[in-house]
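Have a look at coords-v4.txt; it's compact mmCIF, C-alpha atoms and all ligand atoms:
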# COMPACT_ATOMS: atom_id res chain seq x y z
CA MET A 1 -0.01 -4.76 30.43
CA GLU A 2 -3.69 -4.82 29.57
CA ARG A 3 -4.75 -3.48 32.97
CA ARG A 4 -2.22 -0.65 32.81
CA GLN A 5 -3.49 0.39 29.41
CA GLU A 6 -7.13 0.28 30.48
CA THR A 7 -6.56 2.76 33.28
CA VAL A 8 -5.29 5.27 30.73
CA GLY A 9 -8.77 5.72 29.31
CA GLN A 10 -10.54 6.14 32.66
CA GLU A 11 -8.22 7.90 35.04
CA ASN A 12 -6.64 11.32 35.38
CA PRO A 13 -4.55 13.28 32.83
CA ALA A 14 -1.31 12.45 34.64
CA ASP A 15 -1.80 8.78 33.73
CA VAL A 16 -2.42 9.70 30.12
CA LYS A 17 0.81 11.73 30.05
CA LYS A 18 2.70 8.88 31.69
CA ALA A 19 1.37 6.43 29.11
CA GLN A 20 2.25 8.79 26.27
CA ASN A 21 5.79 9.14 27.52
CA LYS A 22 6.42 5.42 27.87
CA GLU A 23 7.27 4.92 24.23
CA ARG A 24 8.33 1.32 24.82
CA LYS A 25 4.74 0.34 25.54
CA ARG A 26 3.70 1.55 22.12
CA SER A 27 3.36 -1.13 19.49
CA SER A 28 3.94 -0.67 15.78
CA VAL A 29 1.32 -1.74 13.25
CA LEU A 30 3.47 -4.73 12.30
CA GLU A 31 3.72 -5.81 15.96
CA VAL A 32 -0.04 -5.46 16.41
CA ARG A 33 -0.73 -7.53 13.29
CA GLN A 34 1.42 -10.31 14.77
CA LEU A 35 -0.45 -10.38 18.11
CA PRO A 36 -2.59 -13.40 19.05
CA ARG A 37 -6.35 -13.17 19.62
CA ASP A 38 -7.47 -11.42 22.83
CA ALA A 39 -4.25 -9.41 23.11
CA SER A 40 -4.50 -5.69 23.90
CA PHE A 41 -2.32 -2.98 22.43
CA PHE A 42 -1.61 0.74 22.24
CA LEU A 43 -0.73 2.21 18.87
CA VAL A 44 -0.03 5.67 17.42
CA GLY A 45 -0.29 6.40 13.71
CA VAL A 46 -2.02 8.45 11.06
CA ALA A 47 -5.73 7.83 10.34
CA SER A 48 -5.44 7.01 6.65
CA ARG A 49 -9.14 6.14 6.25
CA PHE A 50 -12.04 7.07 8.48
CA VAL A 51 -15.66 6.31 7.54
CA GLN A 52 -18.78 6.52 9.69
CA ARG A 53 -21.32 3.71 9.28
CA LYS A 54 -24.48 2.51 11.04
CA ASP A 55 -25.08 -0.94 12.47
CA LYS A 56 -28.41 -2.76 12.05
CA ASN A 57 -29.82 -1.02 15.15
CA GLY A 58 -28.96 2.41 13.77
CA ASN A 59 -26.01 2.96 16.12
CA PRO A 60 -22.99 4.67 14.56
CA PHE A 61 -19.65 2.92 14.28
CA TRP A 62 -16.50 3.79 12.36
CA ASP A 63 -14.19 1.93 10.00
CA ILE A 64 -10.72 3.27 10.52
CA SER A 65 -7.32 2.44 9.01
CA ILE A 66 -4.24 3.44 10.93
CA MET A 67 -0.90 3.62 9.19
CA ASP A 68 2.60 3.85 10.51
CA GLU A 69 5.95 3.24 8.83
CA THR A 70 5.54 -0.53 9.26
CA GLY A 71 2.13 -0.96 7.63
CA GLN A 72 -1.58 -0.36 7.88
CA LEU A 73 -4.17 -1.72 10.30
CA ASP A 74 -7.90 -1.72 9.57
CA GLY A 75 -10.07 -1.55 12.69
CA LYS A 76 -13.47 -0.74 14.13
CA ILE A 77 -14.52 1.93 16.59
CA TRP A 78 -17.90 1.12 18.12
CA SER A 79 -20.38 3.62 19.56
CA SER A 80 -19.39 2.56 23.10
CA SER A 81 -15.75 3.61 22.50
CA GLU A 82 -14.30 6.66 24.25
CA TRP A 83 -12.85 9.64 22.44
CA TRP A 84 -10.32 11.96 24.09
CA ASP A 85 -8.54 15.08 22.93
CA ILE A 86 -5.07 15.05 24.51
CA GLU A 87 -3.55 17.78 22.35
CA GLY A 88 -1.91 20.34 24.66
CA ASP A 89 -1.76 19.92 28.44
CA GLY A 90 -5.12 18.67 29.62
CA ARG A 91 -7.54 16.27 28.09
CA THR A 92 -11.15 16.70 27.10
CA ARG A 93 -13.74 14.23 26.09
CA LEU A 94 -14.77 14.45 22.44
CA ASN A 95 -18.21 13.92 21.01
CA ALA A 96 -17.63 11.63 18.05
CA LEU A 97 -20.72 12.86 16.23
CA THR A 98 -20.19 16.61 16.50
CA ASP A 99 -16.55 17.50 17.27
CA GLU A 100 -14.57 18.82 14.29
CA LYS A 101 -11.46 16.91 15.36
CA VAL A 102 -13.35 13.65 14.92
CA LEU A 103 -15.27 14.65 11.81
CA LYS A 104 -12.03 15.66 10.09
CA LEU A 105 -9.90 12.89 11.55
CA GLU A 106 -8.62 11.52 8.22
CA GLY A 107 -4.99 12.54 7.66
CA ASN A 108 -4.39 13.32 11.36
CA SER A 109 -2.41 11.40 13.95
CA VAL A 110 -4.26 9.37 16.57
CA GLY A 111 -3.50 7.05 19.44
CA VAL A 112 -5.70 4.01 19.97
CA GLN A 113 -6.13 1.38 22.63
CA GLY A 114 -7.44 -1.78 21.17
CA LYS A 115 -7.92 -5.51 21.33
CA VAL A 116 -7.57 -8.33 18.83
CA VAL A 117 -10.88 -10.19 18.52
CA GLU A 118 -12.18 -12.94 16.28
CA PHE A 119 -14.76 -12.26 13.59
CA ARG A 120 -15.70 -14.94 11.03
CA ASP A 121 -12.50 -16.82 11.74
CA GLN A 122 -10.29 -13.78 10.99
CA ASN A 123 -8.61 -11.27 13.29
CA GLN A 124 -10.54 -8.06 13.82
CA TYR A 125 -9.13 -5.03 15.62
CA ASN A 126 -11.50 -3.16 17.95
CA PHE A 127 -10.43 0.23 19.27
CA SER A 128 -12.04 1.01 22.63
CA VAL A 129 -10.31 4.35 23.31
CA VAL A 130 -9.23 6.85 20.67
CA TYR A 131 -6.93 9.79 21.46
CA TYR A 132 -6.61 12.85 19.27
CA VAL A 133 -2.88 13.40 19.91
CA ASP A 134 -0.63 16.45 19.64
CA GLN A 135 -0.14 16.87 15.88
CA GLU A 136 3.20 18.67 16.33
CA LYS A 137 4.63 16.03 18.61
CA TYR A 138 3.35 13.26 16.34
CA PRO A 139 3.41 14.76 12.80
CA PRO A 140 1.24 12.70 10.43
CA HIS A 141 4.05 12.65 7.81
CA ASP A 142 6.26 10.70 10.22
CA PHE A 143 3.90 7.74 10.10
CA VAL A 144 3.64 7.37 6.35
CA ARG A 145 5.04 4.10 5.11
CA ARG A 146 7.74 4.27 2.42
CA SER A 147 9.30 1.85 -0.02
CA PRO A 148 12.02 -0.17 1.71
CA ILE A 149 14.34 0.66 -1.20
CA PRO A 150 16.08 4.05 -0.91
CA LEU A 151 14.92 6.59 -3.48
CA VAL A 152 18.47 7.26 -4.77
CA GLU A 153 18.86 3.57 -5.56
CA MET A 154 15.56 3.49 -7.44
CA GLU A 155 16.42 6.64 -9.40
CA GLU A 156 19.74 5.09 -10.41
CA ASP A 157 17.94 1.92 -11.50
CA LEU A 158 15.44 3.89 -13.56
CA ARG A 159 18.13 5.97 -15.28
CA GLY A 160 20.15 2.80 -15.96
CA LEU A 161 17.18 0.96 -17.46
CA ILE A 162 16.37 3.88 -19.77
CA ALA A 163 20.02 4.38 -20.76
CA GLY A 164 20.17 0.77 -22.00
CA LEU A 165 17.34 1.24 -24.53
CA ARG A 166 17.42 1.99 -28.24
CA GLU A 167 16.31 5.32 -29.67
CA PRO A 168 13.78 6.84 -30.04
CA VAL A 169 12.35 5.22 -26.88
CA ARG A 170 15.39 6.17 -24.78
CA GLY A 171 15.08 9.88 -25.60
CA PHE A 172 11.30 9.80 -25.20
CA LEU A 173 11.47 8.24 -21.71
CA ASN A 174 14.27 10.56 -20.59
CA ARG A 175 12.28 13.59 -21.70
CA ILE A 176 8.98 12.59 -20.12
CA PHE A 177 10.51 11.44 -16.83
CA PHE A 178 13.17 14.05 -16.28
CA GLU A 179 12.31 17.10 -18.39
CA LEU A 180 8.51 17.15 -18.32
CA GLY A 181 8.22 16.64 -14.57
CA ILE A 182 6.73 13.14 -14.30
CA TRP A 183 9.60 12.13 -12.01
CA GLU A 184 8.45 14.56 -9.31
CA GLU A 185 5.09 12.76 -9.13
CA PHE A 186 6.42 9.25 -9.81
CA ARG A 187 9.04 9.27 -7.04
CA ILE A 188 6.44 9.59 -4.28
CA CYS A 189 3.28 8.07 -5.76
CA PRO A 190 1.86 4.93 -4.06
CA ALA A 191 0.73 2.00 -6.23
CA ALA A 192 -2.47 1.50 -4.23
CA VAL A 193 -4.42 2.68 -1.20
CA SER A 194 -4.35 -0.63 0.62
CA MET A 195 -3.60 -3.60 -1.63
CA HIS A 196 -0.03 -3.76 -2.92
CA HIS A 197 2.83 -1.24 -2.62
CA ALA A 198 0.44 1.16 -0.82
CA TYR A 199 3.18 3.52 0.33
CA VAL A 200 5.32 6.45 -0.73
CA GLY A 201 7.48 5.35 -3.69
CA GLY A 202 5.37 2.20 -4.15
CA LEU A 203 4.57 2.92 -7.80
CA LEU A 204 8.23 3.45 -8.67
CA GLU A 205 9.32 0.30 -6.80
CA HIS A 206 6.60 -1.79 -8.49
CA SER A 207 7.25 -0.36 -11.99
CA LEU A 208 10.99 -0.98 -11.70
CA PHE A 209 10.56 -4.61 -10.64
CA VAL A 210 8.02 -5.22 -13.40
CA ALA A 211 10.41 -3.64 -15.94
CA LYS A 212 13.48 -5.52 -14.72
CA SER A 213 11.84 -8.94 -14.69
CA ALA A 214 10.17 -8.22 -18.05
CA ARG A 215 13.59 -7.37 -19.50
CA LEU A 216 14.95 -10.68 -18.19
CA MET A 217 12.08 -12.50 -19.91
CA VAL A 218 12.88 -10.74 -23.19
CA ARG A 219 16.50 -11.84 -22.92
CA GLN A 220 15.41 -15.40 -22.19
CA TYR A 221 13.05 -15.58 -25.15
CA GLU A 222 14.83 -13.51 -27.80
CA ALA A 223 16.68 -16.49 -29.27
CA LEU A 224 13.32 -17.99 -30.27
CA TYR A 225 11.54 -14.68 -30.86
CA PRO A 226 14.10 -12.34 -32.43
CA GLU A 227 11.36 -9.84 -33.28
CA LEU A 228 10.84 -9.07 -29.56
CA LYS A 229 11.42 -5.37 -28.89
CA GLU A 230 13.15 -4.86 -25.56
CA GLU A 231 12.61 -1.09 -25.63
CA VAL A 232 8.83 -1.54 -26.10
CA VAL A 233 8.71 -4.00 -23.19
CA VAL A 234 10.72 -1.77 -20.85
CA ALA A 235 8.80 1.40 -21.80
CA GLY A 236 5.46 -0.42 -21.46
CA ALA A 237 6.51 -1.87 -18.09
CA LEU A 238 7.77 1.44 -16.69
CA LEU A 239 4.60 3.22 -17.82
CA HIS A 240 2.02 0.44 -17.41
CA ASP A 241 0.56 2.03 -14.24
CA LEU A 242 1.16 5.66 -15.33
CA GLY A 243 -2.50 6.45 -14.65
CA LYS A 244 -1.88 5.86 -10.93
CA LEU A 245 -0.31 9.33 -10.82
CA GLU A 246 -3.84 10.68 -11.22
CA THR A 247 -5.52 7.88 -9.26
CA TYR A 248 -3.86 8.38 -5.87
CA ARG A 249 -2.76 11.29 -3.77
CA LEU A 250 -0.93 11.48 -0.45
CA SER A 251 -2.71 13.34 2.32
CA PRO A 252 -0.33 12.24 3.83
CA ALA A 253 -1.48 8.59 3.63
CA PRO A 254 -2.49 7.22 0.19
CA GLN A 255 -6.01 8.25 -0.83
CA MET A 256 -8.02 7.70 -3.98
CA THR A 257 -8.84 10.72 -6.16
CA LEU A 258 -12.23 11.26 -7.77
CA PRO A 259 -10.95 10.55 -11.33
CA GLY A 260 -9.19 7.49 -9.91
CA THR A 261 -12.47 6.24 -8.49
CA VAL A 262 -14.71 6.88 -11.48
CA VAL A 263 -12.27 6.47 -14.42
CA ASP A 264 -9.43 4.31 -12.99
CA HIS A 265 -5.75 4.11 -13.83
CA ILE A 266 -5.88 2.16 -17.10
CA VAL A 267 -7.91 4.78 -18.97
CA LEU A 268 -6.20 7.70 -17.21
CA GLY A 269 -2.77 6.25 -18.01
CA TYR A 270 -3.55 5.55 -21.67
CA ARG A 271 -4.86 9.10 -22.14
CA ARG A 272 -1.82 10.68 -20.51
CA PHE A 273 0.61 8.45 -22.38
CA MET A 274 -0.97 9.13 -25.79
CA ASN A 275 -0.94 12.88 -25.11
CA LEU A 276 2.75 12.72 -24.19
CA ALA A 277 3.55 10.59 -27.25
CA GLU A 278 1.81 13.09 -29.52
CA GLN A 279 3.44 16.07 -27.85
CA GLU A 280 6.88 14.46 -28.15
CA GLU A 281 6.19 13.32 -31.71
CA LEU A 282 6.81 9.66 -30.96
CA ASP A 283 6.16 7.52 -34.03
CA PRO A 284 2.39 6.74 -33.94
CA GLY A 285 2.95 3.01 -34.62
CA LEU A 286 5.42 2.75 -31.76
CA ALA A 287 3.10 4.75 -29.49
CA LEU A 288 0.26 2.32 -30.24
CA GLU A 289 2.46 -0.71 -29.40
CA ILE A 290 3.32 0.83 -26.00
CA GLY A 291 -0.25 2.10 -25.49
CA HIS A 292 -1.52 -1.43 -26.10
CA ILE A 293 0.62 -2.63 -23.18
CA LEU A 294 -0.95 0.01 -20.91
CA VAL A 295 -4.53 -0.98 -21.71
CA SER A 296 -3.99 -4.76 -21.67
CA HIS A 297 -1.65 -5.13 -18.67
CA HIS A 298 -4.25 -6.56 -16.27
CA GLY A 299 -4.43 -9.54 -18.58
CA SER A 300 -8.19 -10.07 -18.58
CA ARG A 301 -11.41 -8.08 -18.91
CA GLU A 302 -12.50 -9.40 -15.53
CA PHE A 303 -9.56 -7.53 -13.96
CA GLY A 304 -10.25 -4.25 -15.75
CA SER A 305 -8.36 -4.45 -19.05
CA PRO A 306 -10.58 -3.40 -21.97
CA THR A 307 -8.45 -5.50 -24.32
CA LEU A 308 -6.24 -8.55 -23.83
CA PRO A 309 -2.47 -8.71 -24.47
CA ALA A 310 -2.12 -9.29 -28.22
CA THR A 311 1.65 -8.94 -28.68
CA PRO A 312 4.53 -10.87 -27.06
CA GLU A 313 5.66 -7.58 -25.47
CA ALA A 314 2.23 -7.05 -23.86
CA MET A 315 2.07 -10.70 -22.69
CA ILE A 316 5.45 -10.34 -21.02
CA VAL A 317 4.51 -7.13 -19.19
CA ALA A 318 1.14 -8.55 -18.05
CA ALA A 319 2.87 -11.69 -16.72
CA SER A 320 5.55 -9.66 -14.95
CA ASP A 321 2.96 -7.30 -13.41
CA ASP A 322 0.90 -10.26 -12.17
CA LEU A 323 3.97 -11.90 -10.62
CA ASP A 324 5.12 -8.76 -8.82
CA PHE A 325 1.62 -8.19 -7.41
CA LYS A 326 1.32 -11.77 -6.14
CA LEU A 327 4.82 -11.91 -4.69
CA PHE A 328 4.08 -8.71 -2.76
CA PHE A 329 0.98 -10.32 -1.23
CA TRP A 330 2.90 -13.48 -0.32
CA LYS A 331 5.55 -11.45 1.51
CA ASP A 332 3.04 -9.14 3.17
CA GLN A 333 0.84 -11.98 4.45
CA THR A 334 3.53 -14.45 5.51
CA SER A 335 5.54 -11.77 7.34
CA LEU A 336 2.62 -11.58 9.79
CA LEU A 337 2.78 -15.26 10.72
CA GLU A 338 3.95 -16.26 14.16
CA ALA A 339 7.05 -18.47 14.13
CA GLU A 340 5.15 -21.77 14.45
CA ARG A 341 2.59 -21.01 11.73
CA SER A 342 3.28 -21.58 8.07
CA ILE A 343 -0.14 -20.88 6.49
CA SER A 344 -1.64 -17.38 6.30
CA ASP A 345 -5.25 -16.31 6.82
CA TYR A 346 -7.43 -16.59 3.73
CA ASN A 347 -6.79 -13.72 1.33
CA PRO A 348 -10.06 -12.81 -0.41
CA ILE A 349 -8.37 -10.75 -3.15
CA LEU A 350 -6.13 -13.56 -4.36
CA GLN A 351 -8.51 -16.28 -3.11
CA ARG A 352 -5.93 -18.41 -1.35
CA ARG A 353 -3.95 -18.92 1.81
CA PHE A 354 -0.22 -18.34 1.43
CA TRP A 355 2.35 -20.89 2.51
CA ARG A 356 5.75 -20.19 4.03
CA PRO A 357 7.45 -23.58 3.93
CA ASP A 358 9.71 -24.32 6.85
CA ARG A 359 13.20 -23.66 5.49
CA THR A 360 14.92 -25.74 8.19
CA VAL A 361 12.83 -28.83 7.52
CA SER A 362 13.35 -28.49 3.77
CA ASP A 363 17.10 -28.27 4.28
CA GLU A 364 17.07 -31.40 6.46
CA ALA A 365 14.89 -33.22 3.94
CA ARG A 366 17.32 -32.29 1.20
CA THR A 367 20.27 -33.55 3.21
CA ILE A 368 18.56 -36.90 3.96
CA SER A 369 17.55 -37.49 0.36
FE FE A 401 -2.47 -1.79 -13.14
FE FE A 402 0.99 -2.84 -11.98
Show this structure as structure tokens.
Ligand SMILES: [Fe+2]
Ligand SMILES: [Fe+2]
Amino acid sequence: MERRQETVGQENPADVKKAQNKERKRSSVLEVRQLPRDASFFLVGVASRFVQRKDKNGNPFWDISIMDETGQLDGKIWSSSEWWDIEGDGRTRLNALTDEKVLKLEGNSVGVQGKVVEFRDQNQYNFSVVYYVDQEKYPPHDFVRRSPIPLVEMEEDLRGLIAGLREPVRGFLNRIFFELGIWEEFRICPAAVSMHHAYVGGLLEHSLFVAKSARLMVRQYEALYPELKEEVVVAGALLHDLGKLETYRLSPAPQMTLPGTVVDHIVLGYRRFMNLAEQEELDPGLALEIGHILVSHHGSREFGSPTLPATPEAMIVAASDDLDFKLFFWKDQTSLLEAERSISDYNPILQRRFWRPDRTVSDEARTIS
């Protein structure tokens, strides 16, 4: 397989066409991420991030992220790599430093031949041949990853959650989501560029899970804490990442905006929420209780919250947000493990390796005991 793929980059256009047409030889991002070291692959996706850098000898290289509907792969293109334009019938060699198609690669579809190599005990993906593919045949939008939960289901969930709340929060949420247009942004917004829920509908999926588990916590604790306000918890949970609407954009893969980079979602979200609360004449005391959840939801100053959760409602939302974020990472990292492995690579963001215990062994152990 490796030899066949290598000839694609060095031989005549007919071979390139042949390779393009043999869809079965194409791997998805998920399949590539499951490959062992030294394996070669051919992948087509949208270049969601493309940055030129220089190595210590002054030679250019590129950091590139390629996304398809199964995930995102971060890789390297070195100065020795080949660049080909195969849009249309023939193929022409591209100069990576001067050709517009390369300079404006971000947001366009590409094909890459690559190899899995080892770097500092982690997998690294090196792309030796890059193809600028036909953008009509491979539309960038087709490669954008989406939430696994259908949008209609999530909309139903959101409407149901809001309908179960007391006034005036119910009316306020209904108005801001469905009359003031937030829904149009919310339904497609990602929750991140690369960390968690970094796909179309990711913010909605994340906010719904945070709200639903936070509501369960309220119901568990309300016997001991009758003052707990379910409507404040659910509103705070649904809106806790509101600022992400201004932090990310889809082009078509998730990208960070300038305000997102220099202000970030907590401040952007608090400002937008307080403006909406004032405009909709929400009681100022109630608005402050919900606003407090927005600014404190990261749970510590170290993680970007200017103030720490000071109410039971804010503690519940911060805990639920933290859980949803970590569970996402566990699933994302362990889904890449080959069948015989149970421990993931080290995750620098959460500073741990994830464990997928062997379900069969556990079942046997349970039976024996
Ligand atoms: Fe957040
Ligand atoms: Fe969040």
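Residue nearest ligand FE 401 (chain A), chosen from A:Val144, A:Leu73, A:Leu239, A:Ala277 and counting all atoms listed in the file: A:Leu239.
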Which of A:Phe354, A:Phe209, A:Tyr131, A:Phe41 sits closest to ligand FE 402 (chain A) [using all atoms listed in the file]: A:Phe209
Distance in Å - CA of Pro36 in chain A versus CA of Ser344 in chain A: 13.4 Å
Would you list the contacts of Phe119 in chain A as a short mmCIF file (atom, residue, chain, number, x, y, z; two decimals) with C-alpha atoms, keeping the file's coordinate frame, taking every protein, DNA or RNA residue within 12 Å and counting all atoms listed in the file, but skipping same-chain residues closer than 6 positions in sequence?
data_model
loop_
_atom_site.label_atom_id
_atom_site.label_comp_id
_atom_site.auth_asym_id
_atom_site.auth_seq_id
_atom_site.Cartn_x
_atom_site.Cartn_y
_atom_site.Cartn_z
CA ARG A 37 -6.35 -13.17 19.62
CA ASP A 38 -7.47 -11.42 22.83
CA GLY A 75 -10.07 -1.55 12.69
CA LYS A 76 -13.47 -0.74 14.13
CA TYR A 125 -9.13 -5.03 15.62
CA ASN A 126 -11.50 -3.16 17.95
#
Exercise answer, 7 Å around ligand FE 401 (chain A) with all atoms listed in the file, as a PyMOL selection string: chain A and resi 240-241+265-266+297-298
At most 9 Å from ligand FE 402 (chain A) (only C-alpha atoms and all ligand atoms): residue list as a list in words: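 Protein and nucleic-acid residues within 9 Å of ligand FE 402 (chain A): Ala191, Leu203, His206, Ser207, Val210, Ala237, His240, Asp241, His297, His298, Ala318, Ser320, Asp321, Asp322, Asp324 and Phe325 of chain A.
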d(CA of Arg159 in chain A, CA of Arg175 in chain A) in Å: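 Atom-to-atom, CA of Arg159 in chain A and CA of Arg175 in chain A are spaced 11.6 Å apart.
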Excluding same-chain residues fewer than 4 positions from Trp355 in chain A, what lies within 9 Å of it counting all atoms listed in the file, as a short mmCIF file (atom, residue, chain, number, x, y, z; two decimals) with C-alpha atoms, in the coordinates of the input?
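Generated output (around-v3.cif):
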data_model
loop_
_atom_site.label_atom_id
_atom_site.label_comp_id
_atom_site.auth_asym_id
_atom_site.auth_seq_id
_atom_site.Cartn_x
_atom_site.Cartn_y
_atom_site.Cartn_z
CA TRP A 330 2.90 -13.48 -0.32
CA THR A 334 3.53 -14.45 5.51
CA SER A 342 3.28 -21.58 8.07
CA ILE A 343 -0.14 -20.88 6.49
CA SER A 344 -1.64 -17.38 6.30
#
Who sits within 6 Å of Phe50 in chain A, all atoms listed in the file, same chain under 4 positions skipped, as a ChimeraX atom specification: /A:63-64,106
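Straight-line separation from CA of Arg170 in chain A to CA of Pro150 in chain A: 24.0 Å.
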Closest of A:Glu179, A:Pro190, A:Ile316, A:Gln34 to Gly299 in chain A - atom-to-atom distances counting all atoms listed in the file: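 Comparing A:Glu179, A:Pro190, A:Ile316, A:Gln34 against Gly299 in chain A, the winner is A:Ile316.
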Counting all atoms listed in the file, the option among A:Val193, A:Leu105, A:Leu228, A:Val32 closest to Thr247 in chain A: A:Val193
Residue among A:Arg187, A:Ser300, A:Asn59, A:Gln52 lying closest to Glu156 in chain A, counting only C-alpha atoms: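 Checking each candidate against Glu156 in chain A, we get A:Arg187 as the closest.
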